[in-house]
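Coordinates as given in structure.cif (mmCIF, C-alpha atoms, pLDDT in the B column; chains and numbers go by the auth columns):
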```
data_work
loop_
_atom_site.group_PDB
_atom_site.id
_atom_site.type_symbol
_atom_site.label_atom_id
_atom_site.label_comp_id
_atom_site.label_asym_id
_atom_site.label_seq_id
_atom_site.Cartn_x
_atom_site.Cartn_y
_atom_site.Cartn_z
_atom_site.B_iso_or_equiv
_atom_site.auth_seq_id
_atom_site.auth_asym_id
ATOM 1 C CA MET A 1 88.920 135.639 67.907 59.00 36 H
ATOM 2 C CA ASP A 2 89.582 139.211 66.803 64.00 37 H
ATOM 3 C CA ASN A 3 88.913 140.433 70.338 73.00 38 H
ATOM 4 C CA PHE A 4 91.529 138.003 71.669 65.00 39 H
ATOM 5 C CA ILE A 5 94.111 139.133 69.107 63.00 40 H
ATOM 6 C CA GLN A 6 93.437 142.784 69.939 66.00 41 H
ATOM 7 C CA HIS A 7 93.858 141.990 73.638 68.00 42 H
ATOM 8 C CA ILE A 8 97.172 140.237 72.956 62.00 43 H
ATOM 9 C CA GLN A 9 98.354 143.124 70.791 65.00 44 H
ATOM 10 C CA GLY A 10 97.448 145.524 73.613 74.00 45 H
ATOM 11 C CA ILE A 11 100.218 144.080 75.792 78.00 46 H
ATOM 12 C CA PRO A 12 103.578 145.570 74.819 84.00 47 H
ATOM 13 C CA ILE A 13 105.971 143.123 73.187 85.00 48 H
ATOM 14 C CA ASN A 14 108.657 144.112 75.723 89.00 49 H
ATOM 15 C CA HIS A 15 106.664 142.407 78.469 89.00 50 H
ATOM 16 C CA TYR A 16 106.680 139.169 76.484 89.00 51 H
ATOM 17 C CA LEU A 17 110.413 139.490 75.866 93.00 52 H
ATOM 18 C CA ILE A 18 111.187 140.031 79.537 94.00 53 H
ATOM 19 C CA PHE A 19 108.897 137.224 80.718 93.00 54 H
ATOM 20 C CA CYS A 20 110.207 134.708 78.183 94.00 55 H
ATOM 21 C CA SER A 21 113.793 135.691 78.957 95.00 56 H
ATOM 22 C CA ILE A 22 113.227 135.052 82.655 96.00 57 H
ATOM 23 C CA ILE A 23 111.679 131.646 81.948 95.00 58 H
ATOM 24 C CA PHE A 24 114.533 130.765 79.578 96.00 59 H
ATOM 25 C CA VAL A 25 117.167 131.758 82.149 96.00 60 H
ATOM 26 C CA ILE A 26 115.439 129.618 84.793 95.00 61 H
ATOM 27 C CA GLY A 27 115.646 126.695 82.364 94.00 62 H
ATOM 28 C CA VAL A 28 119.337 127.316 81.656 95.00 63 H
ATOM 29 C CA ILE A 29 120.092 127.498 85.376 95.00 64 H
ATOM 30 C CA GLY A 30 118.198 124.243 85.883 93.00 65 H
ATOM 31 C CA VAL A 31 120.302 122.505 83.232 92.00 66 H
ATOM 32 C CA LEU A 32 123.585 123.856 84.552 93.00 67 H
ATOM 33 C CA ILE A 33 123.033 123.353 88.277 91.00 68 H
ATOM 34 C CA ARG A 34 120.999 120.161 88.609 83.00 69 H
ATOM 35 C CA ARG A 35 122.632 116.754 88.182 78.00 70 H
ATOM 36 C CA ASN A 36 119.406 114.752 87.843 81.00 71 H
ATOM 37 C CA VAL A 37 118.612 113.812 84.244 81.00 72 H
ATOM 38 C CA ILE A 38 114.852 114.160 84.695 82.00 73 H
ATOM 39 C CA ILE A 39 115.215 117.675 86.139 87.00 74 H
ATOM 40 C CA MET A 40 117.527 118.576 83.256 87.00 75 H
ATOM 41 C CA MET A 41 114.962 117.352 80.728 86.00 76 H
ATOM 42 C CA MET A 42 112.273 119.398 82.465 89.00 77 H
ATOM 43 C CA SER A 43 114.525 122.455 82.271 92.00 78 H
ATOM 44 C CA ILE A 44 115.035 121.888 78.540 91.00 79 H
ATOM 45 C CA GLU A 45 111.257 121.691 78.135 91.00 80 H
ATOM 46 C CA LEU A 46 110.964 124.964 80.056 93.00 81 H
ATOM 47 C CA MET A 47 113.385 126.609 77.629 93.00 82 H
ATOM 48 C CA LEU A 48 111.484 125.260 74.618 91.00 83 H
ATOM 49 C CA ASN A 49 108.190 126.481 76.062 92.00 84 H
ATOM 50 C CA SER A 50 109.578 129.976 76.617 94.00 85 H
ATOM 51 C CA VAL A 51 110.608 130.079 72.966 92.00 86 H
ATOM 52 C CA ASN A 52 107.149 128.816 71.963 92.00 87 H
ATOM 53 C CA LEU A 53 105.475 131.551 73.976 91.00 88 H
ATOM 54 C CA LEU A 54 107.657 134.193 72.380 91.00 89 H
ATOM 55 C CA LEU A 55 106.981 132.840 68.885 90.00 90 H
ATOM 56 C CA ALA A 56 103.242 132.883 69.560 88.00 91 H
ATOM 57 C CA ALA A 57 103.457 136.429 70.948 88.00 92 H
ATOM 58 C CA PHE A 58 105.327 137.686 67.885 88.00 93 H
ATOM 59 C CA SER A 59 102.860 135.873 65.649 87.00 94 H
ATOM 60 C CA ALA A 60 99.868 137.485 67.365 83.00 95 H
ATOM 61 C CA TYR A 61 101.574 140.872 67.516 83.00 96 H
ATOM 62 C CA ARG A 62 102.240 140.901 63.775 82.00 97 H
ATOM 63 C CA GLY A 63 98.940 139.220 62.860 80.00 98 H
ATOM 64 C CA ASP A 64 100.820 136.526 60.945 82.00 99 H
ATOM 65 C CA GLY A 65 100.318 132.788 61.409 83.00 100 H
ATOM 66 C CA SER A 66 103.839 131.677 60.530 84.00 101 H
ATOM 67 C CA GLY A 67 105.005 131.865 64.155 83.00 102 H
ATOM 68 C CA GLN A 68 102.270 129.442 65.142 85.00 103 H
ATOM 69 C CA VAL A 69 103.524 126.986 62.519 88.00 104 H
ATOM 70 C CA PHE A 70 106.987 127.166 64.062 87.00 105 H
ATOM 71 C CA VAL A 71 105.428 126.551 67.491 89.00 106 H
ATOM 72 C CA PHE A 72 103.871 123.364 66.118 90.00 107 H
ATOM 73 C CA PHE A 73 107.244 122.130 64.852 90.00 108 H
ATOM 74 C CA VAL A 74 108.983 122.968 68.142 88.00 109 H
ATOM 75 C CA MET A 75 106.286 121.046 70.026 89.00 110 H
ATOM 76 C CA ALA A 76 106.823 118.040 67.748 91.00 111 H
ATOM 77 C CA LEU A 77 110.561 118.283 68.385 87.00 112 H
ATOM 78 C CA ALA A 78 109.954 118.448 72.134 87.00 113 H
ATOM 79 C CA ALA A 79 107.750 115.348 72.007 88.00 114 H
ATOM 80 C CA ALA A 80 110.459 113.424 70.153 89.00 115 H
ATOM 81 C CA GLU A 81 113.064 114.655 72.637 85.00 116 H
ATOM 82 C CA VAL A 82 110.989 113.418 75.551 86.00 117 H
ATOM 83 C CA ALA A 83 110.440 110.002 73.981 88.00 118 H
ATOM 84 C CA VAL A 84 114.131 109.445 73.212 88.00 119 H
ATOM 85 C CA GLY A 85 115.325 111.053 76.442 84.00 120 H
ATOM 86 C CA LEU A 86 113.086 108.958 78.658 85.00 121 H
ATOM 87 C CA ALA A 87 114.172 105.786 76.862 87.00 122 H
ATOM 88 C CA ILE A 88 117.799 106.711 77.543 82.00 123 H
ATOM 89 C CA VAL A 89 117.036 107.522 81.185 81.00 124 H
ATOM 90 C CA ILE A 90 115.325 104.140 81.635 85.00 125 H
ATOM 91 C CA MET A 91 118.330 102.312 80.180 81.00 126 H
ATOM 92 C CA VAL A 92 120.750 104.300 82.362 78.00 127 H
ATOM 93 C CA TYR A 93 118.651 103.555 85.435 81.00 128 H
ATOM 94 C CA ARG A 94 118.641 99.841 84.634 82.00 129 H
ATOM 95 C CA ASN A 95 122.440 99.814 84.389 76.00 130 H
ATOM 96 C CA THR A 96 123.411 102.121 87.257 77.00 131 H
ATOM 97 C CA LYS A 97 120.310 102.188 89.526 79.00 132 H
ATOM 98 C CA SER A 98 120.554 105.996 89.496 76.00 133 H
ATOM 99 C CA VAL A 99 119.550 108.887 87.244 73.00 134 H
ATOM 100 C CA ASP A 100 122.447 111.057 88.371 75.00 135 H
ATOM 101 C CA ILE A 101 124.684 112.462 85.620 74.00 136 H
ATOM 102 C CA ASP A 102 127.856 111.649 87.570 72.00 137 H
ATOM 103 C CA SER A 103 126.988 107.942 87.522 68.00 138 H
ATOM 104 C CA LEU A 104 127.184 107.942 83.726 69.00 139 H
ATOM 105 C CA SER A 105 130.984 107.878 83.845 67.00 140 H
ATOM 106 C CA LYS A 106 130.668 104.201 84.847 61.00 141 H
ATOM 107 C CA LEU A 107 129.298 103.414 81.391 58.00 142 H
ATOM 108 C CA ARG A 108 132.572 104.267 79.610 60.00 143 H
ATOM 109 C CA TRP A 109 134.681 101.522 78.077 54.00 144 H
#
```
Please lay out the structure from this file as C-alpha cells.
Amino acid sequence: MDNFIQHIQGIPINHYLIFCSIIFVIGVIGVLIRRNVIIMMMSIELMLNSVNLLLAAFSAYRGDGSGQVFVFFVMALAAAEVAVGLAIVIMVYRNTKSVDIDSLSKLRW
C-alpha cells in the first residue's frame, strides 16, 4: 500500500487538477447542451466522479484519509440521486412517452 501511495504522490497534483477540470467541464457541457434527461443525469454523475477523483488525489497527496471519507459520502449522494432521478424519469416517460426536457412543459397546470 505504501508503494501505491508513493506512486500516486509522484504524479504532480497539477496533472490531477487539469484532468479533473477537463472531466468536469465535459459534464457541464453535457448538462447544458443535451436535452435528454438520461444524458443529463450521466453528465451529473461525470461531474461528481471528477470531484471524487480530485478528493482522492488530494487525500493521497497529503497522506490523510479525510478526503476518502468525503468520497464515500459523495458516492452515497450520487446513488440517492440516481434512484430518485430514475424514478422521476420513469414517471415522466409514462405521462409524455418521451424523456426530452422540452416535453416537461406539458406537465404544468
- Note on the structure: Judged by all atoms listed in the file, the minimum distance to Leu81 (chain H) among H:Met110, H:Asn49, H:Gly62, H:Phe54 is found for H:Gly62
- Item | Atom pair CA of Asn71 (chain H) / CA of Val119 (chain H): separation (Å) | 16.4 Å
- Item | Proximity to Cys55 (chain H) - best of H:Leu83, H:Val127, H:Ile68, H:Met77, all atoms listed in the file | H:Leu83
- Query: If the PyMOL selection byres ((chain H and resi 86-102) around 8) is run on the structure shown, which residues does it catch, given as a ChimeraX atom specification?
  - Reply: /H:40,43-44,48,51-52,55,59,82-85,103-106,109
Residues from the last selection, C-alpha atoms, saved as a compact mmCIF listing (two decimals), in the coordinates of the input:
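Final file, part.txt:
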```
# COMPACT_ATOMS: atom_id res chain seq x y z
CA ILE H 40 94.11 139.13 69.11
CA ILE H 43 97.17 140.24 72.96
CA GLN H 44 98.35 143.12 70.79
CA ILE H 48 105.97 143.12 73.19
CA TYR H 51 106.68 139.17 76.48
CA LEU H 52 110.41 139.49 75.87
CA CYS H 55 110.21 134.71 78.18
CA PHE H 59 114.53 130.76 79.58
CA MET H 82 113.38 126.61 77.63
CA LEU H 83 111.48 125.26 74.62
CA ASN H 84 108.19 126.48 76.06
CA SER H 85 109.58 129.98 76.62
CA GLN H 103 102.27 129.44 65.14
CA VAL H 104 103.52 126.99 62.52
CA PHE H 105 106.99 127.17 64.06
CA VAL H 106 105.43 126.55 67.49
CA VAL H 109 108.98 122.97 68.14
```
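Distances from H:Ile73, H:Ser78, H:Ile61, H:Asp137 to Ile125 (chain H) were compared using only C-alpha atoms, and the smallest one belongs to H:Ile73.
Atom pair CA of Ala113 (chain H) / CA of Ile46 (chain H) has a distance of 27.7 Å (rounded to one decimal).
Interatomic distance, CA of Arg69 (chain H) to CA of Ala111 (chain H): 25.3 Å.
In terms of minimum interatomic distance to Ile58 (chain H), H:Ile79 ranks closest within H:Ile79, H:Phe107, H:Val117, H:Ile136, counting all atoms listed in the file.
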- Task: Just the residues within 10 Å of Gly120 (chain H), please, counting only C-alpha atoms, with nothing from its chain fewer than 6 positions along; format it as a list in words.
- Result: Val72, Ile73, Met76, Ala114 and Met126 of chain H
Selection above as a file: C-alpha atoms, as an mmCIF file, in the coordinates of the input:
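Final output, result06.cif:
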```cif
data_model
loop_
_atom_site.group_PDB
_atom_site.id
_atom_site.type_symbol
_atom_site.label_atom_id
_atom_site.label_comp_id
_atom_site.auth_asym_id
_atom_site.auth_seq_id
_atom_site.Cartn_x
_atom_site.Cartn_y
_atom_site.Cartn_z
ATOM 1 C CA VAL H 72 118.612 113.812 84.244
ATOM 2 C CA ILE H 73 114.852 114.160 84.695
ATOM 3 C CA MET H 76 114.962 117.352 80.728
ATOM 4 C CA ALA H 114 107.750 115.348 72.007
ATOM 5 C CA MET H 126 118.330 102.312 80.180
#
```
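With only C-alpha atoms as the atoms that count, the minimum distance from Met75 (chain H) to the choices H:Asp135, H:Ile53, H:Phe108, H:Ala118 is reached by H:Asp135.
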Would you save region 98-113 of chain H from the block above with all heavy atoms, as a compact mmCIF listing (two decimals), in the first residue's frame?
```
# COMPACT_ATOMS: atom_id res chain seq x y z
N GLY H 98 -1.58 12.36 2.36
CA GLY H 98 -1.43 11.23 3.26
C GLY H 98 -2.49 11.22 4.34
O GLY H 98 -2.29 10.64 5.41
N ASP H 99 -3.62 11.86 4.08
CA ASP H 99 -4.70 11.97 5.04
C ASP H 99 -5.92 11.22 4.49
O ASP H 99 -6.19 11.26 3.30
CB ASP H 99 -5.04 13.46 5.26
CG ASP H 99 -6.04 13.68 6.36
OD1 ASP H 99 -6.19 12.79 7.21
OD2 ASP H 99 -6.66 14.75 6.37
N GLY H 100 -6.65 10.56 5.35
CA GLY H 100 -7.79 9.77 4.91
C GLY H 100 -9.11 10.51 4.89
O GLY H 100 -10.13 9.94 4.52
N SER H 101 -9.12 11.79 5.25
CA SER H 101 -10.40 12.50 5.32
C SER H 101 -11.01 12.72 3.94
O SER H 101 -12.23 12.75 3.81
CB SER H 101 -10.22 13.84 6.04
OG SER H 101 -9.34 14.67 5.32
N GLY H 102 -10.20 12.87 2.91
CA GLY H 102 -10.73 13.02 1.56
C GLY H 102 -11.45 11.78 1.10
O GLY H 102 -12.45 11.86 0.38
N GLN H 103 -10.97 10.62 1.52
CA GLN H 103 -11.63 9.37 1.15
C GLN H 103 -12.97 9.22 1.84
O GLN H 103 -13.89 8.63 1.30
CB GLN H 103 -10.71 8.20 1.46
CG GLN H 103 -9.46 8.23 0.63
CD GLN H 103 -8.45 7.20 1.05
OE1 GLN H 103 -8.71 6.38 1.92
NE2 GLN H 103 -7.28 7.22 0.43
N VAL H 104 -13.12 9.79 3.03
CA VAL H 104 -14.41 9.79 3.72
C VAL H 104 -15.40 10.65 2.95
O VAL H 104 -16.57 10.27 2.77
CB VAL H 104 -14.25 10.27 5.17
CG1 VAL H 104 -15.59 10.44 5.84
CG2 VAL H 104 -13.37 9.32 5.95
N PHE H 105 -14.95 11.80 2.47
CA PHE H 105 -15.81 12.66 1.67
C PHE H 105 -16.21 11.97 0.36
O PHE H 105 -17.34 12.13 -0.11
CB PHE H 105 -15.14 13.99 1.36
CG PHE H 105 -15.16 14.95 2.51
CD1 PHE H 105 -13.98 15.41 3.06
CD2 PHE H 105 -16.35 15.38 3.05
CE1 PHE H 105 -13.99 16.29 4.11
CE2 PHE H 105 -16.37 16.27 4.11
CZ PHE H 105 -15.18 16.72 4.64
N VAL H 106 -15.30 11.20 -0.23
CA VAL H 106 -15.62 10.45 -1.45
C VAL H 106 -16.74 9.46 -1.16
O VAL H 106 -17.67 9.31 -1.97
CB VAL H 106 -14.37 9.73 -1.99
CG1 VAL H 106 -14.72 8.71 -3.04
CG2 VAL H 106 -13.38 10.74 -2.54
N PHE H 107 -16.70 8.82 -0.02
CA PHE H 107 -17.76 7.87 0.35
C PHE H 107 -19.11 8.58 0.44
O PHE H 107 -20.12 8.07 -0.05
CB PHE H 107 -17.41 7.20 1.68
CG PHE H 107 -18.48 6.28 2.18
CD1 PHE H 107 -18.69 5.06 1.58
CD2 PHE H 107 -19.28 6.65 3.24
CE1 PHE H 107 -19.69 4.22 2.03
CE2 PHE H 107 -20.28 5.82 3.70
CZ PHE H 107 -20.48 4.60 3.10
N PHE H 108 -19.14 9.76 1.06
CA PHE H 108 -20.40 10.48 1.18
C PHE H 108 -20.91 10.98 -0.17
O PHE H 108 -22.11 10.97 -0.44
CB PHE H 108 -20.26 11.64 2.16
CG PHE H 108 -20.23 11.19 3.59
CD1 PHE H 108 -19.14 11.49 4.39
CD2 PHE H 108 -21.27 10.48 4.15
CE1 PHE H 108 -19.09 11.09 5.70
CE2 PHE H 108 -21.25 10.06 5.46
CZ PHE H 108 -20.15 10.36 6.25
N VAL H 109 -20.01 11.41 -1.05
CA VAL H 109 -20.42 11.85 -2.38
C VAL H 109 -20.96 10.67 -3.18
O VAL H 109 -21.95 10.81 -3.92
CB VAL H 109 -19.25 12.54 -3.12
CG1 VAL H 109 -19.58 12.80 -4.57
CG2 VAL H 109 -18.88 13.84 -2.43
N MET H 110 -20.37 9.49 -3.02
CA MET H 110 -20.88 8.31 -3.71
C MET H 110 -22.27 7.93 -3.20
O MET H 110 -23.15 7.52 -3.98
CB MET H 110 -19.91 7.15 -3.56
CG MET H 110 -18.64 7.33 -4.36
SD MET H 110 -17.44 6.03 -4.07
CE MET H 110 -18.23 4.67 -4.86
N ALA H 111 -22.50 8.07 -1.90
CA ALA H 111 -23.83 7.80 -1.35
C ALA H 111 -24.84 8.80 -1.88
O ALA H 111 -25.98 8.44 -2.21
CB ALA H 111 -23.77 7.83 0.18
N LEU H 112 -24.44 10.05 -1.98
CA LEU H 112 -25.31 11.08 -2.55
C LEU H 112 -25.62 10.78 -4.01
O LEU H 112 -26.77 10.95 -4.45
CB LEU H 112 -24.64 12.46 -2.42
CG LEU H 112 -25.37 13.62 -3.08
CD1 LEU H 112 -26.58 14.00 -2.25
CD2 LEU H 112 -24.44 14.79 -3.24
N ALA H 113 -24.64 10.34 -4.75
CA ALA H 113 -24.85 10.02 -6.17
C ALA H 113 -25.80 8.84 -6.32
O ALA H 113 -26.64 8.82 -7.23
CB ALA H 113 -23.51 9.71 -6.84
```
